[in-house]
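K.L.:
Attaching a single structure in structure tokens format; questions to follow.
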Amino acid sequence: MDKTILRVQNLTAHYGPVQVLHDINLNIAEGEIVSLLGANGAGKTTLLNCICGLHTATTGRVEWNDQDITLLPAERVVRLGMAHVPERRQIFSTLSVEDNLWLGASYRLSKVSRKEILREMDEIYQRFPILAQRKWQLGGTLSGGQQQMLAIGRALLSRPKLLLLDEPSLGLAPLIAKEILQIVQQIRSEWKTTILLVEQNARAALAISDRAYVLSTGTVMLEGTAAEIARDSRVQSAYLGEAHTKL
């Protein structure tokens, strides 16, 4: 059995007096793609933010390779090998594509040569040729799909062992969204990166995942293999029916 690299135990989280997460338990093994499904407001983004240090949990524990990281700030979590691609991408719109990518690798410059970073950047440009064509274009002038590719490329330049992806296909045309999810699969196989995926299109997410968790009002309602979750009648009714193909 592959090693568990991320473990969330009895996690709760609040925004002010409002409790958003209720005793969340979640495990991710090395090499997996795990989907986190649920309706808007279920707590998916909050859970990702607690894992990567952007939001402080109220109680509970987040372990990374058996190390307690519950209270670590995001900049220290990144250095441990975790990268987060947030909802709506949040690239630096007034910086060029190239400068956005450099920011992804910035913390590594004290350990890795500039030449090595440039080699890795070439890998990103090979993976996303459209970025190579637009490397001096301002990030804010890219299309939504191109911005998503840039956000993923920026995250990969931190050389993460675990990539957290929050709604990577949100707002994208169907064909572009399909391409982005294919890229997610390729990242796992080619970069040997474990992935925790929040995705609005439940059917598409389950198709590329090994396992999944379903959140409902801040609680894990279901967990299992992607095939098991896809067969569950509650998931089919809520998320996979003709009228509910997207969360």
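The chains in the structure tokens are called A, B, ... from first to last as shown; in each chain the residues are counted from 1, and the ligands are counted from 1 in the order shown.
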Can you pull out the residues contacting Leu170 of chain A? Cut-off 10 Å, using only C-alpha atoms, and skip same-chain residues under 4 positions away; I want them as a VMD selection string.

P.N.:
chain A and resid 87 to 89 144 to 145 148 166 174 177 199 to 201

K.L.:
Using only C-alpha atoms, I'd like a table of the residues in segment 6-27 of chain A that come within 9 Å of segment 33-54 of chain A; for each, show the closest atom pair and its distance in Å rounded to one decimal, ordered by chain and ascending number, as a tab-separated table.

P.N.:
```
residue	atom	partner	partner_atom	distance
A:Leu6	CA	A:Ile51	CA	8.9
A:Val8	CA	A:Ile51	CA	7.9
A:Leu11	CA	A:Leu47	CA	8.7
A:Ala13	CA	A:Thr46	CA	7.9
A:Val20	CA	A:Gly43	CA	6.1
A:Leu21	CA	A:Gly43	CA	6.3
A:Ile24	CA	A:Leu47	CA	8.5
```

K.L.:
Suppose you want the space between atom CA of Thr12 of chain A and atom CA of Leu222 of chain A; what is it in Å?

P.N.:
17.3 Å

K.L.:
When DSSP is applied to the backbone of this structure, which of segment 122-206 of chain A are assigned alpha helix (DSSP H)? Write them out as a ChimeraX atom specification.

P.N.:
/A:122-127,129-133,144-156,174-191,202-206

K.L.:
Looking only at strand (DSSP E) from DSSP on the backbone, list the matching residues of segment 114-176 of chain A as a CSV table (one decimal) with C-alpha atoms, in the first residue's frame.

P.N.:
```csv
chain,number,residue,atom,x,y,z
A,162,LEU,CA,1.1,17.4,-3.4
A,163,LEU,CA,-0.9,19.7,-5.6
A,164,LEU,CA,-4.2,21.2,-4.3
A,165,LEU,CA,-6.4,22.3,-7.2
A,166,ASP,CA,-9.5,24.3,-6.5
```

K.L.:
Find the spatial neighbours of Ala151 of chain A, counting only C-alpha atoms, within a cut-off of 10 Å - ignore same-chain residues fewer than 6 positions away - and output them as an mmCIF file with N, CA, C and O atoms, in the first residue's frame.

P.N.:
```cif
data_model
loop_
_atom_site.group_PDB
_atom_site.id
_atom_site.type_symbol
_atom_site.label_atom_id
_atom_site.label_comp_id
_atom_site.auth_asym_id
_atom_site.auth_seq_id
_atom_site.Cartn_x
_atom_site.Cartn_y
_atom_site.Cartn_z
ATOM 1 N N HIS A 84 -0.672 25.093 -3.921
ATOM 2 C CA HIS A 84 -2.113 25.340 -3.980
ATOM 3 C C HIS A 84 -2.421 26.211 -5.195
ATOM 4 O O HIS A 84 -1.843 27.292 -5.343
ATOM 5 N N VAL A 85 -3.299 25.731 -6.067
ATOM 6 C CA VAL A 85 -3.809 26.544 -7.164
ATOM 7 C C VAL A 85 -5.217 26.959 -6.773
ATOM 8 O O VAL A 85 -6.143 26.146 -6.802
ATOM 9 N N PRO A 86 -5.408 28.223 -6.380
ATOM 10 C CA PRO A 86 -6.685 28.627 -5.790
ATOM 11 C C PRO A 86 -7.793 28.778 -6.824
ATOM 12 O O PRO A 86 -7.540 28.862 -8.034
ATOM 13 N N ARG A 88 -10.352 30.481 -9.150
ATOM 14 C CA ARG A 88 -10.211 31.674 -10.002
ATOM 15 C C ARG A 88 -8.752 32.092 -10.177
ATOM 16 O O ARG A 88 -8.442 33.234 -10.452
ATOM 17 N N ARG A 89 -7.849 31.155 -9.959
ATOM 18 C CA ARG A 89 -6.454 31.206 -10.402
ATOM 19 C C ARG A 89 -5.559 32.189 -9.661
ATOM 20 O O ARG A 89 -4.466 31.874 -9.270
ATOM 21 N N GLN A 90 -6.013 33.442 -9.502
ATOM 22 C CA GLN A 90 -5.280 34.448 -8.733
ATOM 23 C C GLN A 90 -3.819 34.597 -9.175
ATOM 24 O O GLN A 90 -2.899 34.617 -8.368
ATOM 25 N N ILE A 91 -3.638 34.699 -10.478
ATOM 26 C CA ILE A 91 -2.308 35.033 -10.985
ATOM 27 C C ILE A 91 -2.066 36.528 -10.782
ATOM 28 O O ILE A 91 -2.980 37.279 -10.442
ATOM 29 N N PHE A 92 -0.832 36.966 -10.996
ATOM 30 C CA PHE A 92 -0.509 38.384 -10.893
ATOM 31 C C PHE A 92 -0.756 39.019 -12.265
ATOM 32 O O PHE A 92 0.050 38.860 -13.190
ATOM 33 N N VAL A 97 3.811 36.562 -18.086
ATOM 34 C CA VAL A 97 3.762 35.110 -17.884
ATOM 35 C C VAL A 97 5.066 34.619 -17.264
ATOM 36 O O VAL A 97 5.069 33.871 -16.281
ATOM 37 N N ASN A 100 5.382 35.603 -13.595
ATOM 38 C CA ASN A 100 4.506 34.778 -12.775
ATOM 39 C C ASN A 100 5.142 33.421 -12.503
ATOM 40 O O ASN A 100 5.090 32.916 -11.373
ATOM 41 N N LEU A 101 5.754 32.840 -13.523
ATOM 42 C CA LEU A 101 6.392 31.535 -13.350
ATOM 43 C C LEU A 101 7.590 31.627 -12.404
ATOM 44 O O LEU A 101 7.790 30.750 -11.547
ATOM 45 N N GLY A 104 6.708 31.316 -8.832
ATOM 46 C CA GLY A 104 6.468 29.966 -8.356
ATOM 47 C C GLY A 104 7.721 29.280 -7.861
ATOM 48 O O GLY A 104 7.676 28.457 -6.951
ATOM 49 N N GLY A 139 -0.166 38.700 -17.522
ATOM 50 C CA GLY A 139 -1.044 37.609 -17.123
ATOM 51 C C GLY A 139 -2.512 37.955 -17.214
ATOM 52 O O GLY A 139 -3.338 37.117 -17.571
ATOM 53 N N GLY A 145 -8.591 29.996 -19.815
ATOM 54 C CA GLY A 145 -7.872 28.731 -19.886
ATOM 55 C C GLY A 145 -6.373 28.916 -19.801
ATOM 56 O O GLY A 145 -5.670 28.139 -19.149
ATOM 57 N N LEU A 165 -5.783 21.574 -6.106
ATOM 58 C CA LEU A 165 -6.410 22.275 -7.226
ATOM 59 C C LEU A 165 -7.847 22.613 -6.867
ATOM 60 O O LEU A 165 -8.658 21.708 -6.644
ATOM 61 N N PRO A 168 -10.404 23.913 -11.049
ATOM 62 C CA PRO A 168 -9.579 24.309 -12.199
ATOM 63 C C PRO A 168 -10.352 24.568 -13.481
ATOM 64 O O PRO A 168 -9.857 25.279 -14.356
#
```

K.L.:
Find the residues around Gln9 of chain A up to 6 Å (only C-alpha atoms counted), leave out those fewer than 2 positions away in its own chain, and share them as a list in words.

P.N.:
Leu11, Asn25, Gly60 and Arg61 of chain A

K.L.:
Given the selection you just returned, output its residues as a file containing all heavy atoms, formatted as a PDB file, in the first residue's frame.

P.N.:
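File part-v4.pdb, as written:
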```pdb
ATOM      1  N   LEU A  11     -10.994  17.675  11.932  1.00  0.00           N
ATOM      2  CA  LEU A  11     -10.761  19.091  11.698  1.00  0.00           C
ATOM      3  C   LEU A  11     -12.068  19.880  11.742  1.00  0.00           C
ATOM      4  O   LEU A  11     -13.052  19.519  11.104  1.00  0.00           O
ATOM      5  CB  LEU A  11     -10.106  19.292  10.328  1.00  0.00           C
ATOM      6  CG  LEU A  11      -9.502  20.665  10.081  1.00  0.00           C
ATOM      7  CD1 LEU A  11      -8.147  20.767  10.786  1.00  0.00           C
ATOM      8  CD2 LEU A  11      -9.313  20.914   8.595  1.00  0.00           C
ATOM      9  N   ASN A  25     -12.334  14.157   8.465  1.00  0.00           N
ATOM     10  CA  ASN A  25     -11.248  13.185   8.419  1.00  0.00           C
ATOM     11  C   ASN A  25     -10.995  12.823   6.958  1.00  0.00           C
ATOM     12  O   ASN A  25     -11.935  12.515   6.213  1.00  0.00           O
ATOM     13  CB  ASN A  25     -11.603  11.924   9.216  1.00  0.00           C
ATOM     14  CG  ASN A  25     -11.602  12.184  10.707  1.00  0.00           C
ATOM     15  OD1 ASN A  25     -10.555  12.211  11.346  1.00  0.00           O
ATOM     16  ND2 ASN A  25     -12.790  12.400  11.273  1.00  0.00           N
ATOM     17  N   GLY A  60      -8.584  20.079  15.730  1.00  0.00           N
ATOM     18  CA  GLY A  60      -8.189  19.010  14.836  1.00  0.00           C
ATOM     19  C   GLY A  60      -6.740  19.145  14.410  1.00  0.00           C
ATOM     20  O   GLY A  60      -5.986  19.976  14.930  1.00  0.00           O
ATOM     21  N   ARG A  61      -6.362  18.337  13.419  1.00  0.00           N
ATOM     22  CA  ARG A  61      -4.950  18.201  13.101  1.00  0.00           C
ATOM     23  C   ARG A  61      -4.768  17.938  11.602  1.00  0.00           C
ATOM     24  O   ARG A  61      -5.532  17.184  10.988  1.00  0.00           O
ATOM     25  CB  ARG A  61      -4.392  17.030  13.907  1.00  0.00           C
ATOM     26  CG  ARG A  61      -2.898  16.774  13.813  1.00  0.00           C
ATOM     27  CD  ARG A  61      -2.559  15.618  14.738  1.00  0.00           C
ATOM     28  NE  ARG A  61      -1.174  15.196  14.636  1.00  0.00           N
ATOM     29  CZ  ARG A  61      -0.209  15.604  15.459  1.00  0.00           C
ATOM     30  NH1 ARG A  61      -0.488  16.437  16.439  1.00  0.00           N
ATOM     31  NH2 ARG A  61       1.034  15.166  15.315  1.00  0.00           N
TER      32      ARG A  61
END
```

K.L.:
Atom CA of Glu30 of chain A and atom CA of Met221 of chain A are how many Å apart?

P.N.:
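Rounded to one decimal, the two atoms are 23.4 Å apart.
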
K.L.:
Could you please determine the separation between atom CA of Ile5 of chain A and atom CA of Asp66 of chain A in Å, to one decimal place?

P.N.:
7.3 Å

K.L.:
For Phe128 of chain A, which residue out of A:Gln146, A:Ser96, A:Ser233, A:Ser110 is the nearest one, using only C-alpha atoms?

P.N.:
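Checking each of A:Gln146, A:Ser96, A:Ser233, A:Ser110 against Phe128 of chain A, counting only C-alpha atoms, the winner is A:Gln146.
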
K.L.:
So, counting only C-alpha atoms, which residue among A:Trp102, A:Tyr239, A:Tyr125, A:Tyr213 is closest to Leu196 of chain A?

P.N.:
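Ranked by minimum distance to Leu196 of chain A, first place goes to A:Tyr213.
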
K.L.:
Env of Val112 of chain A: 12 Å cut, atoms = only C-alpha atoms, seq-sep filter 6 positions within chain, self excluded. Answer as a list in words.

P.N.:
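With the cut-off at 12 Å, the set is Ala105, Ser106, Leu118, Arg119, Glu120, Leu157, Ser158 and Arg159 of chain A.
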
K.L.:
May I have the residues from that selection written out with all heavy atoms, as a compact mmCIF listing (two decimals), in the first residue's frame?

P.N.:
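This went into part-v6.txt:
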```txt
# COMPACT_ATOMS: atom_id res chain seq x y z
N ALA A 105 8.85 29.63 -8.46
CA ALA A 105 10.13 29.00 -8.10
C ALA A 105 10.95 29.83 -7.12
O ALA A 105 12.04 29.41 -6.72
CB ALA A 105 10.95 28.75 -9.36
N SER A 106 10.44 30.98 -6.72
CA SER A 106 11.26 31.97 -6.00
C SER A 106 11.89 31.43 -4.72
O SER A 106 13.07 31.69 -4.45
CB SER A 106 10.43 33.22 -5.69
OG SER A 106 9.29 32.89 -4.91
N LEU A 118 15.55 27.60 -14.97
CA LEU A 118 15.27 27.87 -16.38
C LEU A 118 14.98 26.57 -17.13
O LEU A 118 14.12 26.52 -18.01
CB LEU A 118 16.44 28.61 -17.03
CG LEU A 118 16.58 30.09 -16.64
CD1 LEU A 118 17.91 30.64 -17.15
CD2 LEU A 118 15.41 30.90 -17.19
N ARG A 119 15.71 25.51 -16.78
CA ARG A 119 15.45 24.20 -17.41
C ARG A 119 14.05 23.72 -17.07
O ARG A 119 13.31 23.23 -17.94
CB ARG A 119 16.48 23.18 -16.95
CG ARG A 119 16.38 21.83 -17.67
CD ARG A 119 17.19 20.76 -16.97
NE ARG A 119 16.68 20.48 -15.64
CZ ARG A 119 15.58 19.75 -15.40
NH1 ARG A 119 14.87 19.25 -16.42
NH2 ARG A 119 15.20 19.52 -14.17
N GLU A 120 13.67 23.87 -15.81
CA GLU A 120 12.33 23.46 -15.39
C GLU A 120 11.25 24.33 -16.04
O GLU A 120 10.17 23.85 -16.38
CB GLU A 120 12.22 23.53 -13.87
CG GLU A 120 13.10 22.53 -13.15
CD GLU A 120 13.09 22.71 -11.64
OE1 GLU A 120 12.35 23.59 -11.15
OE2 GLU A 120 13.82 21.98 -10.95
N LEU A 157 6.34 24.79 -10.49
CA LEU A 157 7.73 25.24 -10.35
C LEU A 157 8.17 25.30 -8.89
O LEU A 157 9.36 25.51 -8.62
CB LEU A 157 7.92 26.59 -11.03
CG LEU A 157 8.08 26.49 -12.55
CD1 LEU A 157 7.99 27.84 -13.21
CD2 LEU A 157 9.40 25.81 -12.90
N SER A 158 7.26 25.08 -7.95
CA SER A 158 7.68 24.89 -6.56
C SER A 158 8.02 23.42 -6.31
O SER A 158 8.41 23.06 -5.20
CB SER A 158 6.59 25.36 -5.60
OG SER A 158 5.48 24.48 -5.61
N ARG A 159 7.88 22.58 -7.35
CA ARG A 159 8.18 21.14 -7.30
C ARG A 159 7.41 20.45 -6.17
O ARG A 159 7.98 19.79 -5.30
CB ARG A 159 9.68 20.88 -7.14
CG ARG A 159 10.53 21.51 -8.21
CD ARG A 159 10.16 21.07 -9.61
NE ARG A 159 10.73 19.78 -9.99
CZ ARG A 159 10.64 19.26 -11.20
NH1 ARG A 159 9.98 19.90 -12.14
NH2 ARG A 159 11.19 18.12 -11.48
```

K.L.:
Of the residues A:Ala74, A:Glu32, A:Gln236, A:Arg154, which is the one nearest to Gln185 of chain A, using only C-alpha atoms?

P.N.:
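That would be A:Glu32, the residue with the smallest distance to Gln185 of chain A.
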
K.L.:
Need to verify the contact set: Gly224 of chain A, 10 Å, only C-alpha atoms, exclusion of same-chain residues closer than 6 positions in sequence. Can you return it as JSON, numbers by chain?

P.N.:
{"A": [34, 210, 211, 212, 213, 214, 230]}

K.L.:
Could you save the residues just selected, with C-alpha atoms, as a short mmCIF file (atom, residue, chain, number, x, y, z; two decimals), in the first residue's frame?

P.N.:
```cif
data_model
loop_
_atom_site.label_atom_id
_atom_site.label_comp_id
_atom_site.auth_asym_id
_atom_site.auth_seq_id
_atom_site.Cartn_x
_atom_site.Cartn_y
_atom_site.Cartn_z
CA VAL A 34 -8.44 12.35 -4.84
CA ASP A 210 -8.77 7.11 -7.67
CA ARG A 211 -10.89 8.05 -4.66
CA ALA A 212 -13.31 10.77 -3.62
CA TYR A 213 -14.87 12.45 -0.61
CA VAL A 214 -18.28 14.10 -0.72
CA ALA A 230 -20.14 7.29 -8.89
#
```

K.L.:
Which residues are near Gln182 of chain A? Cut-off 12 Å, only C-alpha atoms, ignore same chain within fewer than 5 positions. Put them as a list in words.

P.N.:
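My reading of the contact set: Arg127, Met149, Pro168, Ser169, Leu175, Ile176, Ala177, Ile187, Arg188, Ser189, Ala204, Ala205, Ala207, Ile208 and Ser209 of chain A.
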
K.L.:
Could you save those same residues with N, CA, C and O atoms as a CSV table (one decimal), in the first residue's frame?

P.N.:
```csv
chain,number,residue,atom,x,y,z
A,127,ARG,N,5.0,21.8,-21.8
A,127,ARG,CA,3.7,21.3,-21.4
A,127,ARG,C,2.6,22.2,-21.8
A,127,ARG,O,1.5,21.8,-22.2
A,149,MET,N,-3.7,27.5,-17.0
A,149,MET,CA,-2.4,26.8,-17.3
A,149,MET,C,-1.2,27.5,-16.6
A,149,MET,O,-0.3,26.9,-16.1
A,168,PRO,N,-10.4,23.9,-11.0
A,168,PRO,CA,-9.6,24.3,-12.2
A,168,PRO,C,-10.4,24.6,-13.5
A,168,PRO,O,-9.9,25.3,-14.4
A,169,SER,N,-11.6,24.0,-13.6
A,169,SER,CA,-12.3,24.2,-14.9
A,169,SER,C,-13.4,25.3,-14.7
A,169,SER,O,-14.1,25.5,-15.7
A,175,LEU,N,-14.6,22.5,-23.9
A,175,LEU,CA,-13.4,21.8,-24.5
A,175,LEU,C,-12.1,22.2,-23.7
A,175,LEU,O,-11.2,21.4,-23.5
A,176,ILE,N,-12.1,23.5,-23.3
A,176,ILE,CA,-10.9,23.9,-22.5
A,176,ILE,C,-10.9,23.2,-21.1
A,176,ILE,O,-9.8,22.8,-20.6
A,177,ALA,N,-12.1,23.1,-20.5
A,177,ALA,CA,-12.2,22.4,-19.2
A,177,ALA,C,-11.7,21.0,-19.3
A,177,ALA,O,-11.0,20.5,-18.5
A,187,ILE,N,-0.1,15.4,-15.2
A,187,ILE,CA,0.8,15.9,-14.1
A,187,ILE,C,1.1,14.8,-13.1
A,187,ILE,O,2.2,14.6,-12.6
A,188,ARG,N,0.1,14.0,-12.8
A,188,ARG,CA,0.2,12.9,-11.9
A,188,ARG,C,1.2,11.9,-12.5
A,188,ARG,O,2.1,11.4,-11.8
A,189,SER,N,1.1,11.5,-13.7
A,189,SER,CA,1.9,10.5,-14.3
A,189,SER,C,3.3,11.0,-14.7
A,189,SER,O,4.3,10.3,-14.5
A,204,ALA,N,-16.7,14.4,-14.5
A,204,ALA,CA,-15.4,14.5,-15.0
A,204,ALA,C,-14.3,14.3,-13.9
A,204,ALA,O,-13.3,13.6,-14.2
A,205,ALA,N,-14.6,14.8,-12.7
A,205,ALA,CA,-13.6,14.6,-11.6
A,205,ALA,C,-13.5,13.1,-11.3
A,205,ALA,O,-12.4,12.6,-11.1
A,207,ALA,N,-14.0,10.6,-13.1
A,207,ALA,CA,-13.5,9.9,-14.2
A,207,ALA,C,-11.9,9.8,-14.2
A,207,ALA,O,-11.3,8.9,-14.7
A,208,ILE,N,-11.3,10.8,-13.5
A,208,ILE,CA,-9.8,10.8,-13.5
A,208,ILE,C,-9.3,10.5,-12.1
A,208,ILE,O,-8.1,10.5,-11.9
A,209,SER,N,-10.2,10.3,-11.1
A,209,SER,CA,-9.7,10.1,-9.7
A,209,SER,C,-9.7,8.7,-9.3
A,209,SER,O,-10.3,7.8,-9.9
```
